[in-house]
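Trainee: Enclosed is the structure file my_file_19.txt (compact mmCIF, C-alpha atoms and all ligand atoms).
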```
# COMPACT_ATOMS: atom_id res chain seq x y z
CA MET A 1 -1.19 -6.55 8.97
CA LEU A 2 -2.72 -3.90 6.72
CA THR A 3 -4.64 -0.94 8.11
CA LEU A 4 -6.52 1.29 5.71
CA HIS A 5 -7.27 4.84 6.79
CA THR A 6 -10.43 5.67 4.89
CA SER A 7 -13.29 8.13 4.92
CA PRO A 8 -16.87 7.22 3.95
CA GLY A 9 -17.79 8.12 0.37
CA SER A 10 -14.30 9.38 -0.46
CA CYS A 11 -11.84 8.10 -3.06
CA SER A 12 -10.47 5.75 -0.40
CA ARG A 13 -13.61 3.64 -0.90
CA ALA A 14 -11.88 2.05 -3.93
CA SER A 15 -8.97 0.78 -1.82
CA HIS A 16 -11.41 -0.45 0.82
CA ILE A 17 -13.40 -2.46 -1.75
CA ALA A 18 -10.17 -3.81 -3.27
CA LEU A 19 -9.09 -5.06 0.16
CA GLU A 20 -12.48 -6.72 0.63
CA GLU A 21 -12.08 -8.41 -2.76
CA SER A 22 -8.50 -9.51 -2.09
CA GLY A 23 -9.09 -11.96 0.75
CA LEU A 24 -6.18 -10.30 2.62
CA ASP A 25 -6.28 -9.68 6.36
CA PHE A 26 -6.88 -5.98 7.03
CA ASP A 27 -8.65 -3.54 9.26
CA ILE A 28 -9.89 -0.02 8.70
CA ARG A 29 -9.69 3.24 10.64
CA LEU A 30 -12.46 5.66 9.73
CA ILE A 31 -11.35 9.27 9.26
CA ASP A 32 -14.18 11.72 9.89
CA PHE A 33 -13.86 14.74 7.57
CA ALA A 34 -16.67 16.52 9.50
CA LYS A 35 -14.37 16.51 12.53
CA ALA A 36 -11.32 17.35 10.36
CA ASP A 37 -9.65 14.13 11.55
CA GLN A 38 -7.42 14.29 8.46
CA ARG A 39 -5.77 17.47 9.79
CA GLN A 40 -5.18 16.22 13.34
CA PRO A 41 -1.60 15.46 14.43
CA ALA A 42 -2.43 11.77 14.97
CA PHE A 43 -3.35 11.33 11.30
CA LEU A 44 -0.69 13.71 9.94
CA ALA A 45 1.89 11.47 11.62
CA ILE A 46 0.59 8.66 9.41
CA ASN A 47 0.11 10.73 6.24
CA PRO A 48 1.60 14.24 6.26
CA LYS A 49 -0.47 14.97 3.12
CA GLY A 50 -3.59 14.98 5.30
CA ARG A 51 -5.49 12.87 2.80
CA VAL A 52 -7.05 9.42 2.55
CA PRO A 53 -6.42 6.71 1.53
CA ALA A 54 -3.37 5.84 3.58
CA LEU A 55 -2.47 2.18 3.91
CA ALA A 56 -0.27 1.25 6.85
CA THR A 57 1.78 -1.88 6.11
CA ASP A 58 4.59 -3.71 7.91
CA GLN A 59 7.02 -1.92 5.56
CA GLY A 60 5.60 1.59 6.01
CA VAL A 61 2.70 3.75 4.87
CA LEU A 62 1.52 3.87 1.26
CA THR A 63 -0.48 6.78 -0.14
CA GLU A 64 -2.02 7.61 -3.55
CA SER A 65 -4.92 5.47 -4.71
CA PRO A 66 -3.33 4.03 -7.89
CA ALA A 67 -0.26 2.92 -5.89
CA ILE A 68 -2.37 1.39 -3.12
CA LEU A 69 -4.64 -0.37 -5.59
CA ALA A 70 -1.67 -1.82 -7.50
CA TYR A 71 -0.10 -2.93 -4.21
CA ILE A 72 -3.27 -4.71 -3.07
CA ALA A 73 -3.51 -6.41 -6.47
CA ALA A 74 0.14 -7.52 -6.18
CA LEU A 75 -0.49 -9.06 -2.75
CA ALA A 76 -3.64 -10.84 -3.88
CA PRO A 77 -3.45 -14.12 -5.82
CA ALA A 78 -2.05 -13.55 -9.33
CA GLY A 79 -4.73 -12.45 -11.78
CA LEU A 80 -7.45 -11.92 -9.16
CA LEU A 81 -7.35 -8.11 -9.14
CA ALA A 82 -4.96 -7.10 -11.94
CA PRO A 83 -3.87 -8.50 -15.29
CA VAL A 84 -0.73 -10.63 -15.27
CA ASP A 85 0.17 -9.59 -18.83
CA PRO A 86 2.46 -6.50 -18.61
CA PHE A 87 0.72 -4.57 -21.40
CA ALA A 88 -2.74 -5.20 -19.95
CA PHE A 89 -1.41 -4.22 -16.52
CA ALA A 90 -0.09 -0.95 -17.93
CA ARG A 91 -3.45 -0.26 -19.57
CA MET A 92 -5.19 -0.78 -16.25
CA GLN A 93 -2.74 1.65 -14.69
CA ALA A 94 -3.41 4.18 -17.46
CA PHE A 95 -7.12 3.97 -16.66
CA ASN A 96 -6.54 4.36 -12.92
CA LEU A 97 -4.20 7.30 -13.45
CA TYR A 98 -6.76 8.99 -15.68
CA LEU A 99 -9.25 8.67 -12.82
CA ALA A 100 -6.72 9.99 -10.29
CA THR A 101 -5.28 12.87 -12.27
CA THR A 102 -8.19 14.02 -14.43
CA ILE A 103 -11.54 12.84 -13.06
CA HIS A 104 -10.68 13.29 -9.38
CA VAL A 105 -9.15 16.71 -10.02
CA ALA A 106 -12.15 17.80 -12.16
CA HIS A 107 -14.45 16.84 -9.27
CA ALA A 108 -12.27 18.57 -6.67
CA HIS A 109 -12.57 21.89 -8.52
CA GLY A 110 -16.10 22.02 -7.09
CA ARG A 111 -15.81 21.62 -3.32
CA ARG A 112 -12.05 22.05 -3.03
CA ALA A 113 -11.44 24.98 -5.43
CA SER A 114 -9.65 26.80 -2.59
CA ARG A 115 -6.71 24.44 -3.21
CA TRP A 116 -6.02 26.27 -6.47
CA SER A 117 -7.09 29.86 -5.80
CA ASP A 118 -7.90 32.21 -2.92
CA ASP A 119 -9.97 34.36 -5.24
CA ALA A 120 -13.73 33.84 -4.76
CA ALA A 121 -14.52 34.61 -8.42
CA ALA A 122 -11.86 32.17 -9.64
CA GLN A 123 -13.22 29.52 -7.27
CA SER A 124 -16.77 29.88 -8.59
CA SER A 125 -15.47 29.88 -12.12
CA MET A 126 -13.68 26.56 -11.45
CA ALA A 127 -16.78 25.14 -9.75
CA ALA A 128 -18.87 26.14 -12.77
CA LYS A 129 -16.77 23.84 -14.97
CA VAL A 130 -17.24 20.71 -12.84
CA THR A 131 -20.36 19.35 -14.55
CA GLN A 132 -18.92 19.81 -18.05
CA ASN A 133 -15.52 18.37 -17.16
CA MET A 134 -17.04 15.33 -15.42
CA ARG A 135 -19.41 14.83 -18.35
CA ASP A 136 -16.52 14.99 -20.86
CA GLY A 137 -14.39 12.61 -18.79
CA PHE A 138 -17.18 10.08 -18.39
CA ALA A 139 -18.06 10.29 -22.10
CA LEU A 140 -14.51 9.15 -22.78
CA ILE A 141 -14.79 6.35 -20.20
CA GLU A 142 -18.16 5.25 -21.62
CA GLY A 143 -16.64 5.03 -25.09
CA GLY A 144 -13.83 2.80 -23.81
CA LEU A 145 -15.97 0.31 -21.85
CA ASN A 146 -16.35 -3.01 -23.60
CA GLY A 147 -17.51 -5.92 -21.46
CA ASP A 148 -18.69 -6.27 -17.87
CA TRP A 149 -15.57 -4.71 -16.36
CA VAL A 150 -13.12 -1.91 -17.12
CA MET A 151 -10.60 -4.40 -18.50
CA GLY A 152 -13.27 -6.36 -20.42
CA ASP A 153 -14.01 -9.80 -19.01
CA ALA A 154 -11.65 -9.64 -16.04
CA TYR A 155 -12.50 -7.78 -12.83
CA THR A 156 -9.58 -5.65 -11.59
CA VAL A 157 -8.90 -2.88 -9.08
CA ALA A 158 -9.91 -0.40 -11.81
CA ASP A 159 -13.53 -1.45 -11.18
CA PRO A 160 -13.92 -0.27 -7.58
CA TYR A 161 -12.04 2.89 -8.56
CA LEU A 162 -14.48 3.66 -11.38
CA PHE A 163 -17.41 2.75 -9.11
CA THR A 164 -16.19 5.26 -6.50
CA PHE A 165 -16.10 8.18 -8.93
CA ALA A 166 -19.34 7.18 -10.68
CA ALA A 167 -21.04 7.60 -7.28
CA TRP A 168 -20.02 11.28 -7.33
CA LEU A 169 -21.66 12.07 -10.69
CA ASP A 170 -25.04 12.99 -9.22
CA SER A 171 -23.56 15.58 -6.84
CA ASP A 172 -21.55 16.96 -9.77
CA GLY A 173 -24.75 17.57 -11.75
CA VAL A 174 -24.30 14.64 -14.14
CA ASP A 175 -27.01 12.02 -14.68
CA ILE A 176 -25.35 8.59 -14.73
CA ALA A 177 -28.16 7.41 -17.03
CA ASP A 178 -26.53 9.48 -19.78
CA PHE A 179 -23.77 6.86 -19.72
CA PRO A 180 -25.53 3.47 -19.98
CA LYS A 181 -22.36 1.33 -19.80
CA VAL A 182 -21.10 3.21 -16.74
CA GLN A 183 -24.54 2.86 -15.16
CA ALA A 184 -24.66 -0.89 -15.85
CA HIS A 185 -21.14 -1.21 -14.39
CA PHE A 186 -22.25 0.75 -11.30
CA GLU A 187 -25.21 -1.59 -10.78
CA ARG A 188 -23.02 -4.68 -11.32
CA MET A 189 -20.62 -3.36 -8.70
CA GLN A 190 -23.40 -2.70 -6.18
CA ALA A 191 -24.34 -6.38 -6.29
CA ARG A 192 -20.85 -7.63 -5.38
CA PRO A 193 -20.57 -8.96 -1.80
CA ALA A 194 -17.24 -7.12 -1.30
CA VAL A 195 -18.88 -3.81 -2.21
CA ILE A 196 -21.84 -4.48 0.08
CA ARG A 197 -19.42 -5.27 2.95
CA ALA A 198 -17.29 -2.16 2.33
CA LEU A 199 -20.29 0.17 2.17
CA ALA A 200 -21.73 -1.37 5.35
CA ALA A 201 -18.41 -0.84 7.14
CA GLU A 202 -18.41 2.83 6.06
CA GLY A 203 -21.63 3.17 8.04
N1 LIG A 301 -4.03 11.84 -5.08
C1 LIG A 301 -4.66 11.25 -3.93
C2 LIG A 301 -5.83 12.17 -3.53
C3 LIG A 301 -6.33 11.84 -2.17
C4 LIG A 301 -7.44 12.81 -1.78
O1 LIG A 301 -7.55 13.94 -2.27
N2 LIG A 301 -8.28 12.35 -0.86
C5 LIG A 301 -9.36 13.19 -0.38
C6 LIG A 301 -10.65 12.35 -0.27
S1 LIG A 301 -11.27 11.86 -1.85
C7 LIG A 301 -9.04 13.73 0.98
O2 LIG A 301 -8.45 13.04 1.79
N3 LIG A 301 -9.46 14.96 1.26
C8 LIG A 301 -9.30 15.55 2.55
C9 LIG A 301 -8.98 17.01 2.47
O3 LIG A 301 -8.83 17.54 1.35
O4 LIG A 301 -8.91 17.62 3.53
C10 LIG A 301 -5.14 9.84 -4.24
O5 LIG A 301 -5.43 9.57 -5.41
O6 LIG A 301 -5.19 9.00 -3.35
```
Could you express the structure from this file as structure tokens?
Mentor:
Amino acid sequence: MLTLHTSPGSCSRASHIALEESGLDFDIRLIDFAKADQRQPAFLAINPKGRVPALATDQGVLTESPAILAYIAALAPAGLLAPVDPFAFARMQAFNLYLATTIHVAHAHGRRASRWSDDAAAQSSMAAKVTQNMRDGFALIEGGLNGDWVMGDAYTVADPYLFTFAAWLDSDGVDIADFPKVQAHFERMQARPAVIRALAAEG
């Protein structure tokens, strides 16, 4: 059995959607950031990093979105959620790692600047760069999109991951309409039954 520890609207939404798409048996545990659930001993025993997503499996707990997404794709029927071709798979991973290490971090410099500095001036300086950094990152993504999905014609776990970060653009001061392919992808994603189910389960 798979249990995803996830928080509404967070990066863990991508793993939640991927599970919905996979047809695998799973359940979710909602982690409430407003109650600081992620810092409570019960959750730290599951993920000492104090972050979501955390996927509990029969073999142990997996963390880090790109790893969880690749794992879900590997459990799902071949080709359903990730390319079978090794080079295409690596390209999907490159996209997901760009989201994890550049886009996610650029976003976090807004609300979570205290991770990098205790200095109030440095924190506001980092926060002031969020809009520009997100805009630059999404300009790059826009330029690389070619087809309905991140990987072209085939839907993969990169799609819910992109969808999750695209939902943050507005709060980062970026108008998604400035990126027509990203916006069309976002709308395509919103129509998918798996996405509708995951968002409903988030509450
Ligand atoms: N590198 C991790 C980042 C996970 C992460 O930062 N999750 C955020 C939500 S988007 C979190 O749990 N934040 C809680 C906190 O910072 O207290 C991944 O890609 O999964």
Trainee: Go through the chains and note each residue within 6 Å of ligand LIG 301 (chain A), using all atoms listed in the file, then give the set as a ChimeraX atom specification.
Mentor: /A:10-11,51-53,64-65,100
Trainee: Find the residues near Gln38 (chain A): any atom within 8 Å, counting all atoms listed in the file, skip ones fewer than 3 places away on the same chain, and give them as a list in words.
Mentor: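 Once the nearby chain positions are removed, what remains is Ile31, Asp32, Phe33, Phe43, Leu44, Gly50, Arg51 and Val52 of chain A.
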Trainee: Near Gly9 (chain A), counting all atoms listed in the file, which residues have an atom at most 12 Å away, once you skip same-chain residues fewer than 2 positions from it, shown as a VMD selection string?
Mentor: chain A and resid 6 to 7 11 to 17 30 to 33 52 to 53 161 163 to 168 171 198 to 203
Trainee: Could you save those same residues with C-alpha atoms as a PDB file, in the frame of the given file?
Mentor:
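Listed below is the output, result23.pdb:
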```pdb
ATOM      1  CA  THR A   6     -10.430   5.670   4.890  1.00  0.00           C
ATOM      2  CA  SER A   7     -13.290   8.130   4.920  1.00  0.00           C
ATOM      3  CA  CYS A  11     -11.840   8.100  -3.060  1.00  0.00           C
ATOM      4  CA  SER A  12     -10.470   5.750  -0.400  1.00  0.00           C
ATOM      5  CA  ARG A  13     -13.610   3.640  -0.900  1.00  0.00           C
ATOM      6  CA  ALA A  14     -11.880   2.050  -3.930  1.00  0.00           C
ATOM      7  CA  SER A  15      -8.970   0.780  -1.820  1.00  0.00           C
ATOM      8  CA  HIS A  16     -11.410  -0.450   0.820  1.00  0.00           C
ATOM      9  CA  ILE A  17     -13.400  -2.460  -1.750  1.00  0.00           C
ATOM     10  CA  LEU A  30     -12.460   5.660   9.730  1.00  0.00           C
ATOM     11  CA  ILE A  31     -11.350   9.270   9.260  1.00  0.00           C
ATOM     12  CA  ASP A  32     -14.180  11.720   9.890  1.00  0.00           C
ATOM     13  CA  PHE A  33     -13.860  14.740   7.570  1.00  0.00           C
ATOM     14  CA  VAL A  52      -7.050   9.420   2.550  1.00  0.00           C
ATOM     15  CA  PRO A  53      -6.420   6.710   1.530  1.00  0.00           C
ATOM     16  CA  TYR A 161     -12.040   2.890  -8.560  1.00  0.00           C
ATOM     17  CA  PHE A 163     -17.410   2.750  -9.110  1.00  0.00           C
ATOM     18  CA  THR A 164     -16.190   5.260  -6.500  1.00  0.00           C
ATOM     19  CA  PHE A 165     -16.100   8.180  -8.930  1.00  0.00           C
ATOM     20  CA  ALA A 166     -19.340   7.180 -10.680  1.00  0.00           C
ATOM     21  CA  ALA A 167     -21.040   7.600  -7.280  1.00  0.00           C
ATOM     22  CA  TRP A 168     -20.020  11.280  -7.330  1.00  0.00           C
ATOM     23  CA  SER A 171     -23.560  15.580  -6.840  1.00  0.00           C
ATOM     24  CA  ALA A 198     -17.290  -2.160   2.330  1.00  0.00           C
ATOM     25  CA  LEU A 199     -20.290   0.170   2.170  1.00  0.00           C
ATOM     26  CA  ALA A 200     -21.730  -1.370   5.350  1.00  0.00           C
ATOM     27  CA  ALA A 201     -18.410  -0.840   7.140  1.00  0.00           C
ATOM     28  CA  GLU A 202     -18.410   2.830   6.060  1.00  0.00           C
ATOM     29  CA  GLY A 203     -21.630   3.170   8.040  1.00  0.00           C
TER      30      GLY A 203
END
```
Trainee: Please identify all polymer residues within 9 Å of Gly147 (chain A), counting all atoms listed in the file, omitting same-chain residues fewer than 6 positions from it, and present them as a list of chain:residue names.
Mentor: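 Listing them by chain and then by number gives A:Asp153, A:Ala154, A:Lys181.
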Trainee: One decimal, in Å: what's the spacing between CA of Arg188 (chain A) and CA of Gly152 (chain A)?
Mentor: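 So the two atoms, CA of Arg188 (chain A) and CA of Gly152 (chain A), lie 13.4 Å apart.
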Trainee: Do you know which residues are at most 8 Å from region 129-144 of chain A counting only C-alpha atoms, after dropping those on the same chain fewer than 2 positions away, and could you put them as a PyMOL selection string?
Mentor: chain A and resi 102-103+106-107+109-110+125-127+146+169+172-174+179-182
Trainee: Figure out the distance between CA of Arg39 (chain A) and CA of Arg115 (chain A), please, to one decimal in Å.
Mentor: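 Answer for the CA of Arg115 (chain A) to CA of Arg39 (chain A) separation: 14.8 Å.
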Trainee: Starting from the point (-18.3, -5.9, -0.8), work out which residues of protein, DNA or RNA have an atom no more than 10 Å away when counting all atoms listed in the file; state them as a PyMOL selection string.
Mentor: chain A and resi 16-21+160+189-201
Trainee: Just the number, please: distance in Å from CA of His5 (chain A) to CA of Ala56 (chain A), one decimal.
Mentor: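 Interatomic distance here is 7.9 Å.
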Trainee: Skip Ala73 (chain A) itself and residues of its chain fewer than 3 positions away, then list as a PyMOL selection string all residues within 12 Å of it, counting only C-alpha atoms.
Mentor: chain A and resi 15+17-24+66-70+76-84+89+92-93+155-158
Trainee: Give the answer as one residue: which of A:Ala108, A:Leu145, A:Ala177, A:Val61 has the shortest atom-to-atom distance to Phe95 (chain A), using all atoms listed in the file?
Mentor: A:Leu145
Trainee: Supply region 68-90 of chain A as an mmCIF file, in the coordinates of the input, with N, CA and C atoms built in where the input has gaps.
Mentor:
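Result written to result.cif:
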```
data_model
loop_
_atom_site.group_PDB
_atom_site.id
_atom_site.type_symbol
_atom_site.label_atom_id
_atom_site.label_comp_id
_atom_site.auth_asym_id
_atom_site.auth_seq_id
_atom_site.Cartn_x
_atom_site.Cartn_y
_atom_site.Cartn_z
ATOM 1 N N ILE A 68 -1.773 2.313 -4.102
ATOM 2 C CA ILE A 68 -2.370 1.390 -3.120
ATOM 3 C C ILE A 68 -3.122 0.278 -3.828
ATOM 4 N N LEU A 69 -3.871 0.645 -4.858
ATOM 5 C CA LEU A 69 -4.640 -0.370 -5.590
ATOM 6 C C LEU A 69 -3.707 -1.389 -6.251
ATOM 7 N N ALA A 70 -2.622 -0.904 -6.860
ATOM 8 C CA ALA A 70 -1.670 -1.820 -7.500
ATOM 9 C C ALA A 70 -1.000 -2.716 -6.458
ATOM 10 N N TYR A 71 -0.725 -2.159 -5.283
ATOM 11 C CA TYR A 71 -0.100 -2.930 -4.210
ATOM 12 C C TYR A 71 -1.039 -4.046 -3.717
ATOM 13 N N ILE A 72 -2.292 -3.696 -3.512
ATOM 14 C CA ILE A 72 -3.270 -4.710 -3.070
ATOM 15 C C ILE A 72 -3.371 -5.818 -4.119
ATOM 16 N N ALA A 73 -3.413 -5.408 -5.390
ATOM 17 C CA ALA A 73 -3.510 -6.410 -6.470
ATOM 18 C C ALA A 73 -2.274 -7.306 -6.483
ATOM 19 N N ALA A 74 -1.107 -6.733 -6.170
ATOM 20 C CA ALA A 74 0.140 -7.520 -6.180
ATOM 21 C C ALA A 74 0.169 -8.506 -5.010
ATOM 22 N N LEU A 75 -0.458 -8.147 -3.905
ATOM 23 C CA LEU A 75 -0.490 -9.060 -2.750
ATOM 24 C C LEU A 75 -1.518 -10.163 -2.921
ATOM 25 N N ALA A 76 -2.556 -9.866 -3.676
ATOM 26 C CA ALA A 76 -3.640 -10.840 -3.880
ATOM 27 C C ALA A 76 -3.138 -11.947 -4.825
ATOM 28 N N PRO A 77 -3.852 -13.067 -4.872
ATOM 29 C CA PRO A 77 -3.450 -14.120 -5.820
ATOM 30 C C PRO A 77 -3.332 -13.564 -7.232
ATOM 31 N N ALA A 78 -2.329 -14.054 -7.978
ATOM 32 C CA ALA A 78 -2.050 -13.550 -9.330
ATOM 33 C C ALA A 78 -3.305 -13.612 -10.198
ATOM 34 N N GLY A 79 -3.604 -12.491 -10.839
ATOM 35 C CA GLY A 79 -4.730 -12.450 -11.780
ATOM 36 C C GLY A 79 -6.066 -12.138 -11.154
ATOM 37 N N LEU A 80 -6.135 -12.156 -9.804
ATOM 38 C CA LEU A 80 -7.450 -11.920 -9.160
ATOM 39 C C LEU A 80 -7.893 -10.468 -9.318
ATOM 40 N N LEU A 81 -6.952 -9.528 -9.155
ATOM 41 C CA LEU A 81 -7.350 -8.110 -9.140
ATOM 42 C C LEU A 81 -6.577 -7.250 -10.125
ATOM 43 N N ALA A 82 -5.702 -7.844 -10.907
ATOM 44 C CA ALA A 82 -4.960 -7.100 -11.940
ATOM 45 C C ALA A 82 -4.490 -8.078 -12.999
ATOM 46 N N PRO A 83 -4.371 -7.609 -14.252
ATOM 47 C CA PRO A 83 -3.870 -8.500 -15.290
ATOM 48 C C PRO A 83 -2.436 -8.917 -15.009
ATOM 49 N N VAL A 84 -2.105 -10.138 -15.398
ATOM 50 C CA VAL A 84 -0.730 -10.630 -15.270
ATOM 51 C C VAL A 84 0.103 -10.141 -16.456
ATOM 52 N N ASP A 85 -0.522 -10.054 -17.623
ATOM 53 C CA ASP A 85 0.170 -9.590 -18.830
ATOM 54 C C ASP A 85 0.637 -8.134 -18.648
ATOM 55 N N PRO A 86 1.933 -7.848 -18.875
ATOM 56 C CA PRO A 86 2.460 -6.500 -18.610
ATOM 57 C C PRO A 86 1.735 -5.389 -19.371
ATOM 58 N N PHE A 87 1.387 -5.631 -20.628
ATOM 59 C CA PHE A 87 0.720 -4.570 -21.400
ATOM 60 C C PHE A 87 -0.681 -4.301 -20.831
ATOM 61 N N ALA A 88 -1.404 -5.362 -20.526
ATOM 62 C CA ALA A 88 -2.740 -5.200 -19.950
ATOM 63 C C ALA A 88 -2.643 -4.516 -18.586
ATOM 64 N N PHE A 89 -1.597 -4.877 -17.825
ATOM 65 C CA PHE A 89 -1.410 -4.220 -16.520
ATOM 66 C C PHE A 89 -1.193 -2.710 -16.704
ATOM 67 N N ALA A 90 -0.358 -2.367 -17.687
ATOM 68 C CA ALA A 90 -0.090 -0.950 -17.930
ATOM 69 C C ALA A 90 -1.350 -0.217 -18.391
#
```
